[in-house]
Amino acid sequence: MESRRTRLRLRVVPGADRAGIVGRHGDAWKIRVTAPPERGRANDAVVELLATTLGLARGSVSLVSGHGGRDKIVELSGITDAELEDRLASADRKDVRA
């Protein structure tokens with residue numbers, strides 16, 4: 001069976017009042033997390049938010065680029081590009097909290 005993996009570009013806003021998927025930001029998705037950008041807290045919150053929003057195990061979401069910046073790339077296992085876009089678009093229309 002073929003492993004489904006995809007990469008996702010993100011623009012992250014740490015320290016926000018509430019967490020959630022904001023919407024498209026160029027070729028990336030903009031997301032908010034409430035965690036501050038210190039000692040990896042915001043990165044952990046990004047992984048948790050995506051896992052929860054996309055219905056994936058936390059271990060299926062890994063940060064591969066942008067550990068110290070707002071622009072990040074995450075790799076997701078167990079989801080196709082089409083499924084990813086559908087789930088993010090659906091979450092964009094809801095108030096998602098993490």
# chains A, B, ... in the order shown; residues from 1 in each chain; ligands from 1
call {"tool": "select_by_dssp", "arguments": {"residues": "chain A", "states": "strand (DSSP E or B)", "output": "number ranges by chain"}}
result
A: 5-13, 20-25, 28-32, 61-65, 71-77
call {"tool": "residues_around", "arguments": {"residues": "Val46 (chain A)", "least_positions_apart": "6", "cutoff": "10 Å", "atoms": "only C-alpha atoms", "output": "JSON, numbers by chain"}}
result
{"A": [10, 12, 13, 14, 19, 20, 31, 32, 33, 34, 35, 40, 52, 61, 62, 63, 72, 74, 98]}
call {"tool": "write_last_selection", "arguments": {"atoms": "all heavy atoms", "output": "tab-separated table (two decimals), in the first residue's frame"}}
result
chain	number	residue	atom	x	y	z
A	10	LEU	N	2.74	27.11	5.54
A	10	LEU	CA	1.95	27.85	6.52
A	10	LEU	C	2.52	29.23	6.77
A	10	LEU	O	3.74	29.42	6.69
A	10	LEU	CB	1.93	27.11	7.86
A	10	LEU	CG	1.33	25.72	7.91
A	10	LEU	CD1	1.59	25.11	9.28
A	10	LEU	CD2	-0.15	25.77	7.60
A	12	VAL	N	2.19	31.48	10.10
A	12	VAL	CA	1.70	31.31	11.47
A	12	VAL	C	1.70	32.63	12.22
A	12	VAL	O	2.67	33.39	12.18
A	12	VAL	CB	2.57	30.27	12.22
A	12	VAL	CG1	2.11	30.12	13.66
A	12	VAL	CG2	2.53	28.93	11.50
A	13	VAL	N	0.61	32.88	12.94
A	13	VAL	CA	0.50	34.04	13.82
A	13	VAL	C	0.48	33.49	15.25
A	13	VAL	O	-0.54	32.97	15.71
A	13	VAL	CB	-0.79	34.84	13.54
A	13	VAL	CG1	-0.91	36.01	14.50
A	13	VAL	CG2	-0.83	35.30	12.10
A	14	PRO	N	1.62	33.58	15.96
A	14	PRO	CA	1.66	33.10	17.34
A	14	PRO	C	1.10	34.15	18.30
A	14	PRO	O	1.01	35.33	17.96
A	14	PRO	CB	3.15	32.88	17.59
A	14	PRO	CG	3.82	33.87	16.69
A	14	PRO	CD	2.93	34.01	15.48
A	19	ALA	N	-7.08	30.36	18.57
A	19	ALA	CA	-6.41	29.54	17.56
A	19	ALA	C	-7.40	29.18	16.45
A	19	ALA	O	-8.59	29.06	16.69
A	19	ALA	CB	-5.87	28.27	18.21
A	20	GLY	N	-6.86	28.99	15.25
A	20	GLY	CA	-7.71	28.53	14.17
A	20	GLY	C	-7.08	28.70	12.81
A	20	GLY	O	-6.00	29.27	12.67
A	31	ILE	N	-2.57	30.42	9.72
A	31	ILE	CA	-3.19	29.88	10.92
A	31	ILE	C	-2.76	30.71	12.13
A	31	ILE	O	-1.72	31.38	12.10
A	31	ILE	CB	-2.85	28.40	11.16
A	31	ILE	CG1	-1.37	28.19	11.46
A	31	ILE	CG2	-3.29	27.55	9.98
A	31	ILE	CD1	-1.05	26.77	11.90
A	32	ARG	N	-3.60	30.68	13.16
A	32	ARG	CA	-3.30	31.37	14.42
A	32	ARG	C	-3.16	30.32	15.51
A	32	ARG	O	-3.91	29.35	15.54
A	32	ARG	CB	-4.46	32.28	14.83
A	32	ARG	CG	-4.80	33.38	13.90
A	32	ARG	CD	-5.92	34.23	14.49
A	32	ARG	NE	-7.14	33.45	14.66
A	32	ARG	CZ	-8.31	33.79	14.16
A	32	ARG	NH1	-8.44	34.89	13.48
A	32	ARG	NH2	-9.36	33.03	14.36
A	33	VAL	N	-2.22	30.58	16.42
A	33	VAL	CA	-2.10	29.77	17.63
A	33	VAL	C	-1.98	30.71	18.82
A	33	VAL	O	-1.47	31.82	18.69
A	33	VAL	CB	-0.90	28.79	17.58
A	33	VAL	CG1	-1.10	27.72	16.51
A	33	VAL	CG2	0.41	29.51	17.37
A	34	THR	N	-2.47	30.27	19.96
A	34	THR	CA	-2.43	31.12	21.15
A	34	THR	C	-1.09	31.06	21.87
A	34	THR	O	-0.77	31.97	22.64
A	34	THR	CB	-3.56	30.73	22.14
A	34	THR	OG1	-3.41	29.35	22.49
A	34	THR	CG2	-4.93	30.95	21.51
A	35	ALA	N	-0.31	30.04	21.61
A	35	ALA	CA	0.98	29.88	22.28
A	35	ALA	C	1.95	30.97	21.85
A	35	ALA	O	1.94	31.40	20.69
A	35	ALA	CB	1.56	28.51	21.97
A	40	GLY	N	9.75	26.80	21.46
A	40	GLY	CA	9.03	25.81	20.66
A	40	GLY	C	7.55	25.67	20.97
A	40	GLY	O	6.89	24.80	20.40
A	52	THR	N	-5.46	18.05	15.07
A	52	THR	CA	-6.86	18.08	15.48
A	52	THR	C	-7.78	18.47	14.33
A	52	THR	O	-8.79	17.82	14.07
A	52	THR	CB	-7.04	19.09	16.65
A	52	THR	OG1	-6.22	18.66	17.73
A	52	THR	CG2	-8.48	19.16	17.09
A	61	VAL	N	2.03	14.58	11.85
A	61	VAL	CA	2.31	15.97	11.50
A	61	VAL	C	3.70	16.32	11.99
A	61	VAL	O	3.98	16.21	13.18
A	61	VAL	CB	1.27	16.93	12.14
A	61	VAL	CG1	1.56	18.37	11.73
A	61	VAL	CG2	-0.15	16.53	11.77
A	62	SER	N	4.59	16.71	11.08
A	62	SER	CA	5.93	17.08	11.51
A	62	SER	C	6.38	18.37	10.82
A	62	SER	O	6.16	18.57	9.63
A	62	SER	CB	6.93	15.95	11.23
A	62	SER	OG	6.99	15.67	9.86
A	63	LEU	N	6.99	19.21	11.61
A	63	LEU	CA	7.53	20.48	11.12
A	63	LEU	C	8.86	20.20	10.45
A	63	LEU	O	9.77	19.64	11.08
A	63	LEU	CB	7.69	21.44	12.30
A	63	LEU	CG	8.16	22.84	12.00
A	63	LEU	CD1	7.16	23.56	11.09
A	63	LEU	CD2	8.33	23.61	13.30
A	72	LYS	N	6.36	28.43	7.65
A	72	LYS	CA	6.74	27.07	8.00
A	72	LYS	C	6.29	26.10	6.91
A	72	LYS	O	5.37	26.39	6.15
A	72	LYS	CB	6.09	26.66	9.32
A	72	LYS	CG	6.48	27.58	10.47
A	72	LYS	CD	5.87	27.14	11.76
A	72	LYS	CE	6.17	28.12	12.88
A	72	LYS	NZ	7.58	28.29	13.19
A	74	VAL	N	5.16	22.00	6.88
A	74	VAL	CA	4.91	20.79	7.64
A	74	VAL	C	4.68	19.64	6.67
A	74	VAL	O	4.19	19.84	5.57
A	74	VAL	CB	3.71	20.92	8.61
A	74	VAL	CG1	3.99	21.94	9.69
A	74	VAL	CG2	2.44	21.27	7.88
A	98	ALA	N	-7.75	25.32	19.46
A	98	ALA	CA	-6.78	24.29	19.88
A	98	ALA	C	-6.05	24.76	21.12
A	98	ALA	O	-5.94	25.90	21.39
A	98	ALA	CB	-5.77	24.01	18.77
call {"tool": "atom_distance", "arguments": {"atom1": "CA of Leu50 (chain A)", "atom2": "CA of Asp92 (chain A)"}}
result
12.1 Å
call {"tool": "atom_distance", "arguments": {"atom1": "CA of Gly66 (chain A)", "atom2": "CA of Arg18 (chain A)"}}
result
21.6 Å
call {"tool": "select_by_dssp", "arguments": {"residues": "region 12-67 of chain A", "states": "helix (DSSP H, G or I)", "output": "PyMOL selection string"}}
result
chain A and resi 41-54+58-60
call {"tool": "residues_around", "arguments": {"residues": "Leu54 (chain A)", "least_positions_apart": "3", "cutoff": "9 Å", "atoms": "only C-alpha atoms", "output": "list in words"}}
result
Leu49, Leu50, Ala51, Ala57, Ile79, Glu83, Leu84, Arg87, Leu88 and Ala91 of chain A
call {"tool": "residues_around", "arguments": {"residues": "Thr80 (chain A)", "least_positions_apart": "4", "cutoff": "7 Å", "atoms": "only C-alpha atoms", "output": "PyMOL selection string"}}
result
chain A and resi 4-6+84
call {"tool": "residues_around", "arguments": {"residues": "Gly59 (chain A)", "least_positions_apart": "4", "cutoff": "10 Å", "atoms": "only C-alpha atoms", "output": "PyMOL selection string"}}
result
chain A and resi 47-48+51+76-77
call {"tool": "decode", "arguments": {"residues": "region 38-61 of chain A", "atoms": "N, CA and C atoms", "output": "PDB file, in the first residue's frame"}}
result
ATOM      1  N   GLU A  38       8.031  31.126  21.861  1.00  0.00           N
ATOM      2  CA  GLU A  38       9.228  30.927  22.673  1.00  0.00           C
ATOM      3  C   GLU A  38       9.378  29.463  23.067  1.00  0.00           C
ATOM      4  N   ARG A  39      10.615  28.985  23.043  1.00  0.00           N
ATOM      5  CA  ARG A  39      10.945  27.608  23.430  1.00  0.00           C
ATOM      6  C   ARG A  39      10.104  26.555  22.713  1.00  0.00           C
ATOM      7  N   GLY A  40       9.752  26.802  21.460  1.00  0.00           N
ATOM      8  CA  GLY A  40       9.032  25.814  20.664  1.00  0.00           C
ATOM      9  C   GLY A  40       7.550  25.672  20.968  1.00  0.00           C
ATOM     10  N   ARG A  41       7.024  26.518  21.841  1.00  0.00           N
ATOM     11  CA  ARG A  41       5.603  26.396  22.206  1.00  0.00           C
ATOM     12  C   ARG A  41       4.677  26.620  21.015  1.00  0.00           C
ATOM     13  N   ALA A  42       4.961  27.638  20.218  1.00  0.00           N
ATOM     14  CA  ALA A  42       4.103  27.916  19.057  1.00  0.00           C
ATOM     15  C   ALA A  42       4.193  26.768  18.045  1.00  0.00           C
ATOM     16  N   ASN A  43       5.385  26.220  17.851  1.00  0.00           N
ATOM     17  CA  ASN A  43       5.541  25.089  16.924  1.00  0.00           C
ATOM     18  C   ASN A  43       4.734  23.891  17.399  1.00  0.00           C
ATOM     19  N   ASP A  44       4.782  23.609  18.694  1.00  0.00           N
ATOM     20  CA  ASP A  44       3.982  22.504  19.244  1.00  0.00           C
ATOM     21  C   ASP A  44       2.490  22.762  19.036  1.00  0.00           C
ATOM     22  N   ALA A  45       2.073  24.009  19.219  1.00  0.00           N
ATOM     23  CA  ALA A  45       0.662  24.369  19.036  1.00  0.00           C
ATOM     24  C   ALA A  45       0.243  24.225  17.575  1.00  0.00           C
ATOM     25  N   VAL A  46       1.137  24.546  16.652  1.00  0.00           N
ATOM     26  CA  VAL A  46       0.856  24.387  15.220  1.00  0.00           C
ATOM     27  C   VAL A  46       0.605  22.911  14.908  1.00  0.00           C
ATOM     28  N   VAL A  47       1.476  22.039  15.392  1.00  0.00           N
ATOM     29  CA  VAL A  47       1.332  20.601  15.150  1.00  0.00           C
ATOM     30  C   VAL A  47       0.017  20.098  15.743  1.00  0.00           C
ATOM     31  N   GLU A  48      -0.284  20.510  16.963  1.00  0.00           N
ATOM     32  CA  GLU A  48      -1.518  20.074  17.633  1.00  0.00           C
ATOM     33  C   GLU A  48      -2.758  20.579  16.888  1.00  0.00           C
ATOM     34  N   LEU A  49      -2.752  21.837  16.490  1.00  0.00           N
ATOM     35  CA  LEU A  49      -3.897  22.410  15.764  1.00  0.00           C
ATOM     36  C   LEU A  49      -4.132  21.673  14.449  1.00  0.00           C
ATOM     37  N   LEU A  50      -3.066  21.431  13.701  1.00  0.00           N
ATOM     38  CA  LEU A  50      -3.227  20.735  12.422  1.00  0.00           C
ATOM     39  C   LEU A  50      -3.699  19.306  12.615  1.00  0.00           C
ATOM     40  N   ALA A  51      -3.131  18.603  13.574  1.00  0.00           N
ATOM     41  CA  ALA A  51      -3.549  17.219  13.820  1.00  0.00           C
ATOM     42  C   ALA A  51      -5.033  17.172  14.173  1.00  0.00           C
ATOM     43  N   THR A  52      -5.461  18.045  15.067  1.00  0.00           N
ATOM     44  CA  THR A  52      -6.862  18.082  15.484  1.00  0.00           C
ATOM     45  C   THR A  52      -7.778  18.474  14.330  1.00  0.00           C
ATOM     46  N   THR A  53      -7.424  19.521  13.622  1.00  0.00           N
ATOM     47  CA  THR A  53      -8.242  20.031  12.522  1.00  0.00           C
ATOM     48  C   THR A  53      -8.365  19.038  11.378  1.00  0.00           C
ATOM     49  N   LEU A  54      -7.273  18.352  11.083  1.00  0.00           N
ATOM     50  CA  LEU A  54      -7.247  17.437   9.934  1.00  0.00           C
ATOM     51  C   LEU A  54      -7.634  16.008  10.291  1.00  0.00           C
ATOM     52  N   GLY A  55      -7.841  15.737  11.571  1.00  0.00           N
ATOM     53  CA  GLY A  55      -8.214  14.389  11.992  1.00  0.00           C
ATOM     54  C   GLY A  55      -7.081  13.402  11.865  1.00  0.00           C
ATOM     55  N   LEU A  56      -5.872  13.856  12.139  1.00  0.00           N
ATOM     56  CA  LEU A  56      -4.688  13.012  12.044  1.00  0.00           C
ATOM     57  C   LEU A  56      -4.086  12.798  13.428  1.00  0.00           C
ATOM     58  N   ALA A  57      -3.316  11.739  13.559  1.00  0.00           N
ATOM     59  CA  ALA A  57      -2.560  11.533  14.791  1.00  0.00           C
ATOM     60  C   ALA A  57      -1.475  12.607  14.865  1.00  0.00           C
ATOM     61  N   ARG A  58      -1.143  13.012  16.078  1.00  0.00           N
ATOM     62  CA  ARG A  58      -0.120  14.053  16.257  1.00  0.00           C
ATOM     63  C   ARG A  58       1.195  13.641  15.600  1.00  0.00           C
ATOM     64  N   GLY A  59       1.521  12.371  15.646  1.00  0.00           N
ATOM     65  CA  GLY A  59       2.743  11.861  15.033  1.00  0.00           C
ATOM     66  C   GLY A  59       2.746  11.899  13.515  1.00  0.00           C
ATOM     67  N   SER A  60       1.591  12.159  12.919  1.00  0.00           N
ATOM     68  CA  SER A  60       1.482  12.253  11.457  1.00  0.00           C
ATOM     69  C   SER A  60       1.772  13.650  10.944  1.00  0.00           C
ATOM     70  N   VAL A  61       2.026  14.576  11.854  1.00  0.00           N
ATOM     71  CA  VAL A  61       2.306  15.974  11.496  1.00  0.00           C
ATOM     72  C   VAL A  61       3.697  16.322  11.993  1.00  0.00           C
TER      73      VAL A  61
END
